[in-house]
Each structure stands twice: as C-alpha cells, then as structure tokens.
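model.pdb (PDB, C-alpha atoms, pLDDT in the B column)
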MODEL        1
ATOM      1  CA  MET A 259       3.487   6.907  64.474  1.00 57.00           C
ATOM      2  CA  ALA A 260       1.971   9.326  66.984  1.00 61.00           C
ATOM      3  CA  GLU A 261       3.171   9.176  70.566  1.00 70.00           C
ATOM      4  CA  ALA A 262       0.624   8.065  73.186  1.00 67.00           C
ATOM      5  CA  PRO A 263      -0.746  10.877  75.330  1.00 75.00           C
ATOM      6  CA  GLN A 264       0.518  11.118  78.899  1.00 79.00           C
ATOM      7  CA  PHE A 265      -1.824  10.052  81.669  1.00 79.00           C
ATOM      8  CA  GLU A 266      -1.765   9.986  85.445  1.00 85.00           C
ATOM      9  CA  SER A 267      -0.814   6.614  86.944  1.00 89.00           C
ATOM     10  CA  VAL A 268      -3.467   4.844  89.000  1.00 91.00           C
ATOM     11  CA  VAL A 269      -1.074   2.246  90.420  1.00 92.00           C
ATOM     12  CA  THR A 270      -0.389   2.869  94.093  1.00 92.00           C
ATOM     13  CA  ASP A 271       2.350   1.517  96.361  1.00 93.00           C
ATOM     14  CA  GLU A 272      -0.309  -0.648  98.050  1.00 93.00           C
ATOM     15  CA  MET A 273      -1.214  -2.158  94.676  1.00 92.00           C
ATOM     16  CA  ARG A 274       2.460  -2.831  93.832  1.00 94.00           C
ATOM     17  CA  ALA A 275       2.916  -4.501  97.228  1.00 95.00           C
ATOM     18  CA  GLN A 276       0.407  -7.207  96.164  1.00 94.00           C
ATOM     19  CA  ILE A 277       2.629  -8.438  93.312  1.00 96.00           C
ATOM     20  CA  GLY A 278       3.893 -11.926  94.084  1.00 96.00           C
ATOM     21  CA  VAL A 279       1.895 -12.339  97.285  1.00 96.00           C
ATOM     22  CA  PRO A 280       0.191 -15.761  97.401  1.00 96.00           C
ATOM     23  CA  ARG A 281      -3.524 -15.669  98.124  1.00 94.00           C
ATOM     24  CA  GLU A 282      -5.395 -18.146 100.295  1.00 91.00           C
ATOM     25  CA  PRO A 283      -5.447 -21.609  98.688  1.00 94.00           C
ATOM     26  CA  PHE A 284      -8.718 -22.945  97.299  1.00 91.00           C
ATOM     27  CA  VAL A 285      -9.703 -26.504  96.440  1.00 94.00           C
ATOM     28  CA  CYS A 286     -11.288 -27.845  93.257  1.00 96.00           C
ATOM     29  CA  GLU A 287     -12.721 -31.340  92.881  1.00 97.00           C
ATOM     30  CA  VAL A 288     -12.359 -33.276  89.647  1.00 98.00           C
ATOM     31  CA  THR A 289     -15.400 -35.565  89.503  1.00 98.00           C
ATOM     32  CA  THR A 290     -16.692 -37.958  86.867  1.00 98.00           C
ATOM     33  CA  THR A 291     -19.804 -35.806  86.511  1.00 98.00           C
ATOM     34  CA  GLY A 292     -17.703 -32.656  86.158  1.00 98.00           C
ATOM     35  CA  VAL A 293     -15.465 -34.256  83.521  1.00 98.00           C
ATOM     36  CA  ARG A 294     -18.428 -35.524  81.523  1.00 98.00           C
ATOM     37  CA  MET A 295     -20.356 -32.235  81.748  1.00 98.00           C
ATOM     38  CA  PHE A 296     -17.349 -30.127  80.703  1.00 98.00           C
ATOM     39  CA  ALA A 297     -16.470 -32.459  77.826  1.00 98.00           C
ATOM     40  CA  ARG A 298     -20.059 -32.421  76.615  1.00 98.00           C
ATOM     41  CA  ALA A 299     -20.340 -28.635  76.956  1.00 98.00           C
ATOM     42  CA  VAL A 300     -17.288 -27.985  74.783  1.00 97.00           C
ATOM     43  CA  GLY A 301     -18.117 -30.672  72.239  1.00 98.00           C
ATOM     44  CA  TYR A 302     -15.543 -33.386  72.970  1.00 98.00           C
ATOM     45  CA  THR A 303     -16.792 -36.731  71.677  1.00 97.00           C
ATOM     46  CA  ASP A 304     -13.821 -38.979  72.502  1.00 98.00           C
ATOM     47  CA  PRO A 305     -15.146 -41.816  74.711  1.00 98.00           C
ATOM     48  CA  ILE A 306     -12.159 -41.368  77.039  1.00 98.00           C
ATOM     49  CA  TYR A 307     -14.076 -38.480  78.690  1.00 98.00           C
ATOM     50  CA  TYR A 308     -17.239 -40.521  79.253  1.00 98.00           C
ATOM     51  CA  ASP A 309     -16.318 -44.203  79.637  1.00 98.00           C
ATOM     52  CA  ARG A 310     -14.144 -45.225  82.588  1.00 98.00           C
ATOM     53  CA  ALA A 311     -13.297 -48.580  81.023  1.00 98.00           C
ATOM     54  CA  GLU A 312     -12.015 -46.815  77.896  1.00 98.00           C
ATOM     55  CA  ALA A 313      -9.952 -44.400  79.990  1.00 98.00           C
ATOM     56  CA  ARG A 314      -8.386 -47.293  81.902  1.00 98.00           C
ATOM     57  CA  ARG A 315      -7.807 -49.228  78.674  1.00 98.00           C
ATOM     58  CA  ARG A 316      -5.749 -46.235  77.517  1.00 98.00           C
ATOM     59  CA  GLY A 317      -3.652 -46.298  80.697  1.00 97.00           C
ATOM     60  CA  LEU A 318      -5.370 -43.683  82.857  1.00 97.00           C
ATOM     61  CA  ARG A 319      -6.572 -44.065  86.453  1.00 97.00           C
ATOM     62  CA  ASP A 320     -10.028 -42.715  85.630  1.00 98.00           C
ATOM     63  CA  LEU A 321     -11.734 -40.254  83.290  1.00 98.00           C
ATOM     64  CA  PRO A 322      -9.160 -37.580  82.350  1.00 98.00           C
ATOM     65  CA  ALA A 323      -9.929 -33.905  82.816  1.00 98.00           C
ATOM     66  CA  PRO A 324     -10.490 -32.367  79.361  1.00 98.00           C
ATOM     67  CA  PRO A 325      -8.185 -29.515  78.343  1.00 96.00           C
ATOM     68  CA  GLY A 326      -9.291 -26.355  80.134  1.00 95.00           C
ATOM     69  CA  TYR A 327     -11.030 -28.156  83.023  1.00 97.00           C
ATOM     70  CA  LEU A 328      -9.275 -27.977  86.372  1.00 97.00           C
ATOM     71  CA  GLY A 329     -12.124 -29.127  88.549  1.00 97.00           C
ATOM     72  CA  THR A 330     -14.979 -27.367  90.248  1.00 94.00           C
ATOM     73  CA  PRO A 331     -14.300 -25.078  93.217  1.00 90.00           C
ATOM     74  CA  ILE A 332     -15.779 -26.377  96.438  1.00 87.00           C
ATOM     75  CA  PHE A 333     -18.561 -24.059  97.531  1.00 78.00           C
ATOM     76  CA  ASP A 334     -18.896 -23.243 101.223  1.00 75.00           C
ATOM     77  CA  PRO A 335     -21.791 -20.844 101.881  1.00 79.00           C
ATOM     78  CA  GLU A 336     -20.020 -19.385 104.921  1.00 77.00           C
ATOM     79  CA  SER A 337     -16.789 -18.430 103.201  1.00 71.00           C
ATOM     80  CA  SER A 338     -17.205 -18.720  99.429  1.00 66.00           C
ATOM     81  CA  ASP A 339     -17.842 -15.950  96.938  1.00 64.00           C
ATOM     82  CA  PRO A 340     -21.433 -16.567  95.806  1.00 63.00           C
ATOM     83  CA  THR A 341     -20.521 -15.710  92.197  1.00 61.00           C
ATOM     84  CA  GLY A 342     -17.463 -17.905  91.737  1.00 57.00           C
ATOM     85  CA  GLY A 343     -17.393 -20.696  94.266  1.00 52.00           C
ATOM     86  CA  THR A 344     -13.877 -19.914  95.515  1.00 53.00           C
ATOM     87  CA  ARG A 345     -13.219 -18.660  98.995  1.00 49.00           C
ATOM     88  CA  ARG A 346     -13.394 -14.919  99.463  1.00 46.00           C
ATOM     89  CA  GLY A 347      -9.918 -13.432  99.228  1.00 50.00           C
ATOM     90  CA  THR A 348      -8.411 -16.194  97.078  1.00 53.00           C
ATOM     91  CA  GLN A 349      -8.438 -14.241  93.827  1.00 62.00           C
ATOM     92  CA  ALA A 350      -5.159 -12.492  93.140  1.00 67.00           C
ATOM     93  CA  GLY A 351      -5.201  -8.974  91.859  1.00 74.00           C
ATOM     94  CA  VAL A 352      -6.117  -5.566  93.036  1.00 85.00           C
ATOM     95  CA  ARG A 353      -9.266  -3.525  92.807  1.00 88.00           C
ATOM     96  CA  SER A 354      -8.862  -1.329  89.780  1.00 89.00           C
ATOM     97  CA  PRO A 355     -10.021   2.256  89.985  1.00 90.00           C
ATOM     98  CA  TYR A 356     -11.527   1.824  86.501  1.00 91.00           C
ATOM     99  CA  THR A 357     -15.117   0.623  86.228  1.00 90.00           C
ATOM    100  CA  LEU A 358     -15.027  -1.368  82.970  1.00 91.00           C
ATOM    101  CA  VAL A 359     -13.358  -4.773  82.809  1.00 91.00           C
ATOM    102  CA  LEU A 360     -12.418  -7.174  79.987  1.00 91.00           C
ATOM    103  CA  ASN A 361     -10.801 -10.601  79.931  1.00 94.00           C
ATOM    104  CA  GLY A 362      -7.508 -10.066  78.100  1.00 94.00           C
ATOM    105  CA  GLY A 363      -6.866 -13.792  77.692  1.00 96.00           C
ATOM    106  CA  THR A 364      -6.203 -16.984  79.599  1.00 96.00           C
ATOM    107  CA  ASP A 365      -3.353 -19.437  79.049  1.00 97.00           C
ATOM    108  CA  VAL A 366      -3.130 -22.866  80.655  1.00 97.00           C
ATOM    109  CA  GLU A 367       0.271 -24.539  80.910  1.00 98.00           C
ATOM    110  CA  TYR A 368       0.116 -28.219  81.831  1.00 98.00           C
ATOM    111  CA  THR A 369       3.085 -30.028  83.373  1.00 98.00           C
ATOM    112  CA  GLY A 370       2.282 -33.462  81.953  1.00 96.00           C
ATOM    113  CA  VAL A 371       0.958 -34.924  85.216  1.00 97.00           C
ATOM    114  CA  ASP A 372      -2.389 -36.619  84.572  1.00 97.00           C
ATOM    115  CA  ILE A 373      -5.484 -34.966  86.028  1.00 98.00           C
ATOM    116  CA  CYS A 374      -8.291 -37.493  86.464  1.00 98.00           C
ATOM    117  CA  ALA A 375     -11.655 -37.869  88.138  1.00 98.00           C
ATOM    118  CA  GLY A 376     -11.075 -38.372  91.844  1.00 98.00           C
ATOM    119  CA  ASP A 377      -8.305 -35.780  92.019  1.00 98.00           C
ATOM    120  CA  GLU A 378      -8.473 -32.821  94.354  1.00 98.00           C
ATOM    121  CA  LEU A 379      -6.569 -29.800  93.078  1.00 98.00           C
ATOM    122  CA  THR A 380      -5.388 -26.932  95.256  1.00 97.00           C
ATOM    123  CA  GLY A 381      -4.999 -23.570  93.565  1.00 96.00           C
ATOM    124  CA  VAL A 382      -2.920 -20.650  94.780  1.00 96.00           C
ATOM    125  CA  ALA A 383      -3.199 -17.355  92.899  1.00 95.00           C
ATOM    126  CA  ARG A 384      -0.584 -14.596  92.744  1.00 96.00           C
ATOM    127  CA  LEU A 385      -0.645 -11.247  91.029  1.00 96.00           C
ATOM    128  CA  GLU A 386       2.302 -11.393  88.605  1.00 97.00           C
ATOM    129  CA  SER A 387       2.277  -7.898  87.179  1.00 96.00           C
ATOM    130  CA  LEU A 388       0.509  -4.564  86.943  1.00 95.00           C
ATOM    131  CA  THR A 389       1.119  -2.358  83.934  1.00 94.00           C
ATOM    132  CA  GLU A 390      -0.564   0.685  82.515  1.00 94.00           C
ATOM    133  CA  ARG A 391      -0.980   1.374  78.829  1.00 91.00           C
ATOM    134  CA  TYR A 392      -2.668   3.900  76.654  1.00 88.00           C
ATOM    135  CA  SER A 393      -5.179   2.303  74.308  1.00 84.00           C
ATOM    136  CA  PRO A 394      -5.876   4.182  71.075  1.00 84.00           C
ATOM    137  CA  ALA A 395      -8.988   2.018  70.587  1.00 82.00           C
ATOM    138  CA  LEU A 396     -10.334   3.145  73.957  1.00 78.00           C
ATOM    139  CA  ALA A 397      -8.897   6.651  73.655  1.00 76.00           C
ATOM    140  CA  GLY A 398      -7.619   6.358  77.179  1.00 86.00           C
ATOM    141  CA  PRO A 399      -5.493   4.524  79.698  1.00 91.00           C
ATOM    142  CA  MET A 400      -6.034   0.981  80.871  1.00 93.00           C
ATOM    143  CA  LEU A 401      -4.676  -1.142  83.700  1.00 94.00           C
ATOM    144  CA  VAL A 402      -3.370  -4.609  82.785  1.00 95.00           C
ATOM    145  CA  GLN A 403      -3.243  -7.213  85.574  1.00 95.00           C
ATOM    146  CA  VAL A 404      -1.651 -10.616  85.010  1.00 96.00           C
ATOM    147  CA  THR A 405      -2.484 -13.296  87.548  1.00 96.00           C
ATOM    148  CA  ALA A 406      -0.912 -16.760  87.775  1.00 97.00           C
ATOM    149  CA  THR A 407      -2.687 -19.575  89.571  1.00 97.00           C
ATOM    150  CA  THR A 408      -0.704 -22.743  90.284  1.00 98.00           C
ATOM    151  CA  TYR A 409      -2.656 -25.975  90.731  1.00 98.00           C
ATOM    152  CA  THR A 410      -1.249 -28.951  92.634  1.00 98.00           C
ATOM    153  CA  ASN A 411      -2.803 -32.373  93.084  1.00 98.00           C
ATOM    154  CA  GLN A 412      -3.309 -34.325  96.299  1.00 98.00           C
ATOM    155  CA  GLN A 413       0.280 -35.664  96.039  1.00 98.00           C
ATOM    156  CA  GLY A 414       1.640 -32.107  95.961  1.00 98.00           C
ATOM    157  CA  GLU A 415       2.598 -32.318  92.266  1.00 98.00           C
ATOM    158  CA  VAL A 416       2.121 -29.188  90.165  1.00 98.00           C
ATOM    159  CA  VAL A 417      -0.329 -30.111  87.408  1.00 98.00           C
ATOM    160  CA  ALA A 418      -0.958 -26.741  85.742  1.00 98.00           C
ATOM    161  CA  THR A 419      -0.413 -23.006  85.856  1.00 98.00           C
ATOM    162  CA  VAL A 420      -3.139 -20.697  84.575  1.00 97.00           C
ATOM    163  CA  ARG A 421      -2.225 -17.141  83.577  1.00 97.00           C
ATOM    164  CA  GLY A 422      -5.067 -14.719  83.186  1.00 96.00           C
ATOM    165  CA  THR A 423      -4.893 -11.168  81.925  1.00 96.00           C
ATOM    166  CA  GLY A 424      -7.464  -8.663  83.121  1.00 94.00           C
ATOM    167  CA  LEU A 425      -7.946  -5.294  81.439  1.00 93.00           C
ATOM    168  CA  SER A 426      -9.725  -2.434  83.130  1.00 92.00           C
ATOM    169  CA  TYR A 427     -10.458   0.973  81.664  1.00 92.00           C
ATOM    170  CA  GLY A 428     -13.030   3.729  81.403  1.00 87.00           C
ATOM    171  CA  PRO A 429     -14.278   6.117  84.019  1.00 86.00           C
ATOM    172  CA  ARG A 430     -12.713   5.908  87.431  1.00 85.00           C
ATOM    173  CA  ARG A 431     -14.755   4.854  90.425  1.00 79.00           C
ATOM    174  CA  ASP A 432     -14.023   8.182  92.090  1.00 71.00           C
ATOM    175  CA  ASP A 433     -15.141  10.213  89.036  1.00 54.00           C
ATOM    176  CA  GLY A 434     -18.680  10.292  90.323  1.00 46.00           C
TER     177      GLY A 434
ENDMDL
END
What is this file in structure tokens?
Amino acid sequence: MAEAPQFESVVTDEMRAQIGVPREPFVCEVTTTGVRMFARAVGYTDPIYYDRAEARRRGLRDLPAPPGYLGTPIFDPESSDPTGGTRRGTQAGVRSPYTLVLNGGTDVEYTGVDICAGDELTGVARLESLTERYSPALAGPMLVQVTATTYTNQQGEVVATVRGTGLSYGPRRDDG
C-alpha cells in the first residue's frame, strides 16, 4: 500500500484551544406539532406519534419525540442564525481554511429518559476533536471535526448526546 503524501497542517494553536470548550447553550422546544410533523416527514405510522391518548395508554406523558428529533431550536431574530435557528456562536467547531464541506455522519446516543411533547431541551455543543487526513479519493488533505452536543431536559437530566462529524477539503480560503 502506498504511503500518503505529506501535507502542511492547517490546524493552528487557536483551533486546538477550542477543543472541549462548551459553547453558549441553546434551547429546543418539543411540541405536539413538531413531533407529528417530524414523524410524518420520515414515514413513521405508529399512532403513538400522533394520538395523545395512545401515547398515554402506553405509559408516556405525551407524544414521544421520534428517533432523531430533539425539538426545534427557538428562533430569536435578534440573536439567532437565520439559517439554523440556534443562537449565533452556539455551534462548536472552528472555521476550516478549506472551502468544501461534507457531513461525515451523525450519531445520536439516547440515555433512556423519555423525550415528549412539552419538553424543553437545552443543548450545549463542544468540539471533541480535530484531525487531518489525506484522502486518496479527494487527492488531497481534509480536516475532520467531531462535535458533541449534549441535550438536557427541563429537570436537568441528560436525554441525548449527538456526535457529528464534519469534513472539509479542497482549495483553501486564502488560495485566492
């Protein structure tokens, strides 16, 4: 197997200093409308996501959040990012010098605490790691950022941790 070519690191001390630093918390609301819309959008047909009486019959407080749904970020026009709903500065990570970006995957780890309509979840994101790799498919280096966002409910219980991997590559922003 051929050895990967050497490349100049783009990771700076300032970027490394962001690892593990908690970002500003953001709040997501879990609403009956949000639960129903998400369940419908992904094709869930179990009545537990649509019928409150059925959810309660099965021992839940209200409609449960479907897998993958952790509420809707509260939008505040004065402080929210117009593209994502979260407050500016709440996203963990660093600005990559590369111009092209891919989602490298998202994993959701639930703790077993029910998430139901009426819950308010607070998320706190942290950059977990920064690594550089050479990609033969891209014929160049790429920066891999892993971010973990911990969600707690209104009782302070951790309900989920979401780990997202971002890949950036291609020409550098300073290449012209």
Show me, as an mmCIF file with C-alpha atoms, in the frame of the given file, the residues that have an atom within 9 Å of Tyr327 of chain A when counting all atoms listed in the file, minus same-chain residues fewer than 2 positions from it.
data_model
loop_
_atom_site.group_PDB
_atom_site.id
_atom_site.type_symbol
_atom_site.label_atom_id
_atom_site.label_comp_id
_atom_site.auth_asym_id
_atom_site.auth_seq_id
_atom_site.Cartn_x
_atom_site.Cartn_y
_atom_site.Cartn_z
ATOM 1 C CA VAL A 288 -12.359 -33.276 89.647
ATOM 2 C CA GLY A 292 -17.703 -32.656 86.158
ATOM 3 C CA VAL A 293 -15.465 -34.256 83.521
ATOM 4 C CA PHE A 296 -17.349 -30.127 80.703
ATOM 5 C CA ALA A 297 -16.470 -32.459 77.826
ATOM 6 C CA ALA A 323 -9.929 -33.905 82.816
ATOM 7 C CA PRO A 324 -10.490 -32.367 79.361
ATOM 8 C CA PRO A 325 -8.185 -29.515 78.343
ATOM 9 C CA GLY A 329 -12.124 -29.127 88.549
ATOM 10 C CA THR A 330 -14.979 -27.367 90.248
#
Notebook entry, point to check: Which value, in Å to one decimal, gives the distance between atom CA of Glu390 of chain A and atom CA of Arg431 of chain A?
Noted result: 16.8 Å
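All polymer residues at most 8 Å from (-7.1, -18.6, 78.7), using all atoms listed in the file, appear as A:Gly363, A:Thr364, A:Asp365, A:Val366, A:Val420, A:Arg421, A:Gly422.
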Check: Using the chain letters and numbers from the file, which residues does the PyMOL selection byres ((chain A and resi 395-403) around 7) grab, as a list in words?
Finding: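 Checking the PyMOL selection byres ((chain A and resi 395-403) around 7) against this file, the residues are Phe265, Gly351, Ser387, Leu388, Thr389, Glu390, Arg391, Tyr392, Ser393, Pro394, Val404, Thr405, Thr423, Gly424, Leu425, Ser426 and Tyr427 of chain A.
Rounded to one decimal, atom CA of Leu321 of chain A and atom CA of Arg294 of chain A lie 8.4 Å from each other.
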Next item on the list: Between A:Tyr307, A:Phe333, A:Tyr356, A:Tyr302, single out the one closest to Cys374 of chain A, counting only C-alpha atoms.
Entry: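 Of A:Tyr307, A:Phe333, A:Tyr356, A:Tyr302, the one nearest Cys374 of chain A is A:Tyr307, counting only C-alpha atoms.
Distances here use only C-alpha atoms; by that measure, the residue among A:Glu287, A:Asp320, A:Glu367, A:Glu336 closest to Ala418 of chain A is A:Glu367.
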Check: What is the atom CA of Ile332 of chain A-atom CA of Phe284 of chain A distance in Å, reported with one decimal?
Finding: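 For atom CA of Ile332 of chain A relative to atom CA of Phe284 of chain A, the distance reads 7.9 Å.
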Margin query: Restricting the calculation to all atoms listed in the file: of A:Val268, A:Ala299, A:Ala375, A:Val382, which residue gets closest to Pro429 of chain A?
Written below: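 Among A:Val268, A:Ala299, A:Ala375, A:Val382, it is A:Val268 that comes nearest to Pro429 of chain A.
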Check: Can you list what the PyMOL selection byres ((chain A and resi 379) around 6) grabs from this structure, as a ChimeraX atom specification?
Finding: /A:285-286,378,380,409-411
Can you sort out the box for segment 352-371 of chain A, edges along x, y and z, all listed atoms in, 6 Å on every side, with centre and edge lengths in Å to one decimal, as lines of an AutoDock Vina configuration file?
center_x = -6.0
center_y = -16.3
center_z = 85.4
size_x = 30.2
size_y = 49.2
size_z = 27.3
Just segment 398-420 of chain A from the block, N, CA and C atoms, as a PDB file, in the first residue's frame, could you?
ATOM      1  N   GLY A 398      -6.104  14.783  -1.818  1.00  0.00           N
ATOM      2  CA  GLY A 398      -5.622  15.889  -1.009  1.00  0.00           C
ATOM      3  C   GLY A 398      -5.979  15.732   0.445  1.00  0.00           C
ATOM      4  N   PRO A 399      -5.550  16.698   1.250  1.00  0.00           N
ATOM      5  CA  PRO A 399      -5.835  16.640   2.682  1.00  0.00           C
ATOM      6  C   PRO A 399      -7.262  17.060   2.997  1.00  0.00           C
ATOM      7  N   MET A 400      -7.721  16.632   4.165  1.00  0.00           N
ATOM      8  CA  MET A 400      -9.017  17.078   4.658  1.00  0.00           C
ATOM      9  C   MET A 400      -8.926  17.246   6.170  1.00  0.00           C
ATOM     10  N   LEU A 401      -9.774  18.119   6.686  1.00  0.00           N
ATOM     11  CA  LEU A 401      -9.868  18.383   8.112  1.00  0.00           C
ATOM     12  C   LEU A 401     -11.142  17.710   8.619  1.00  0.00           C
ATOM     13  N   VAL A 402     -11.001  16.920   9.692  1.00  0.00           N
ATOM     14  CA  VAL A 402     -12.126  16.196  10.276  1.00  0.00           C
ATOM     15  C   VAL A 402     -12.416  16.811  11.645  1.00  0.00           C
ATOM     16  N   GLN A 403     -13.627  17.342  11.810  1.00  0.00           N
ATOM     17  CA  GLN A 403     -14.050  17.925  13.084  1.00  0.00           C
ATOM     18  C   GLN A 403     -15.169  17.082  13.661  1.00  0.00           C
ATOM     19  N   VAL A 404     -15.021  16.652  14.903  1.00  0.00           N
ATOM     20  CA  VAL A 404     -16.076  15.922  15.597  1.00  0.00           C
ATOM     21  C   VAL A 404     -16.613  16.817  16.701  1.00  0.00           C
ATOM     22  N   THR A 405     -17.922  17.022  16.674  1.00  0.00           N
ATOM     23  CA  THR A 405     -18.601  17.863  17.641  1.00  0.00           C
ATOM     24  C   THR A 405     -19.596  17.025  18.423  1.00  0.00           C
ATOM     25  N   ALA A 406     -19.641  17.205  19.741  1.00  0.00           N
ATOM     26  CA  ALA A 406     -20.635  16.531  20.576  1.00  0.00           C
ATOM     27  C   ALA A 406     -21.551  17.581  21.179  1.00  0.00           C
ATOM     28  N   THR A 407     -22.844  17.351  21.050  1.00  0.00           N
ATOM     29  CA  THR A 407     -23.834  18.242  21.646  1.00  0.00           C
ATOM     30  C   THR A 407     -24.638  17.433  22.656  1.00  0.00           C
ATOM     31  N   THR A 408     -24.625  17.878  23.902  1.00  0.00           N
ATOM     32  CA  THR A 408     -25.364  17.205  24.971  1.00  0.00           C
ATOM     33  C   THR A 408     -26.675  17.942  25.188  1.00  0.00           C
ATOM     34  N   TYR A 409     -27.768  17.181  25.221  1.00  0.00           N
ATOM     35  CA  TYR A 409     -29.099  17.746  25.431  1.00  0.00           C
ATOM     36  C   TYR A 409     -29.609  17.332  26.807  1.00  0.00           C
ATOM     37  N   THR A 410     -30.084  18.314  27.570  1.00  0.00           N
ATOM     38  CA  THR A 410     -30.700  18.039  28.867  1.00  0.00           C
ATOM     39  C   THR A 410     -32.131  18.555  28.849  1.00  0.00           C
ATOM     40  N   ASN A 411     -32.987  17.902  29.637  1.00  0.00           N
ATOM     41  CA  ASN A 411     -34.379  18.355  29.702  1.00  0.00           C
ATOM     42  C   ASN A 411     -34.550  19.396  30.799  1.00  0.00           C
ATOM     43  N   GLN A 412     -35.789  19.821  31.002  1.00  0.00           N
ATOM     44  CA  GLN A 412     -36.072  20.892  31.962  1.00  0.00           C
ATOM     45  C   GLN A 412     -35.804  20.468  33.405  1.00  0.00           C
ATOM     46  N   GLN A 413     -35.641  19.172  33.670  1.00  0.00           N
ATOM     47  CA  GLN A 413     -35.265  18.700  35.009  1.00  0.00           C
ATOM     48  C   GLN A 413     -33.747  18.566  35.161  1.00  0.00           C
ATOM     49  N   GLY A 414     -33.006  18.920  34.102  1.00  0.00           N
ATOM     50  CA  GLY A 414     -31.553  18.823  34.162  1.00  0.00           C
ATOM     51  C   GLY A 414     -31.022  17.434  33.849  1.00  0.00           C
ATOM     52  N   GLU A 415     -31.884  16.530  33.386  1.00  0.00           N
ATOM     53  CA  GLU A 415     -31.460  15.169  33.045  1.00  0.00           C
ATOM     54  C   GLU A 415     -30.915  15.140  31.622  1.00  0.00           C
ATOM     55  N   VAL A 416     -29.774  14.484  31.435  1.00  0.00           N
ATOM     56  CA  VAL A 416     -29.239  14.312  30.084  1.00  0.00           C
ATOM     57  C   VAL A 416     -30.136  13.322  29.361  1.00  0.00           C
ATOM     58  N   VAL A 417     -30.640  13.737  28.182  1.00  0.00           N
ATOM     59  CA  VAL A 417     -31.527  12.872  27.409  1.00  0.00           C
ATOM     60  C   VAL A 417     -30.845  12.299  26.172  1.00  0.00           C
ATOM     61  N   ALA A 418     -29.829  12.993  25.656  1.00  0.00           N
ATOM     62  CA  ALA A 418     -29.157  12.513  24.446  1.00  0.00           C
ATOM     63  C   ALA A 418     -27.846  13.254  24.235  1.00  0.00           C
ATOM     64  N   THR A 419     -26.954  12.586  23.519  1.00  0.00           N
ATOM     65  CA  THR A 419     -25.725  13.219  23.037  1.00  0.00           C
ATOM     66  C   THR A 419     -25.653  12.959  21.540  1.00  0.00           C
ATOM     67  N   VAL A 420     -25.462  14.020  20.780  1.00  0.00           N
ATOM     68  CA  VAL A 420     -25.355  13.916  19.324  1.00  0.00           C
ATOM     69  C   VAL A 420     -23.907  14.202  18.937  1.00  0.00           C
TER      70      VAL A 420
END
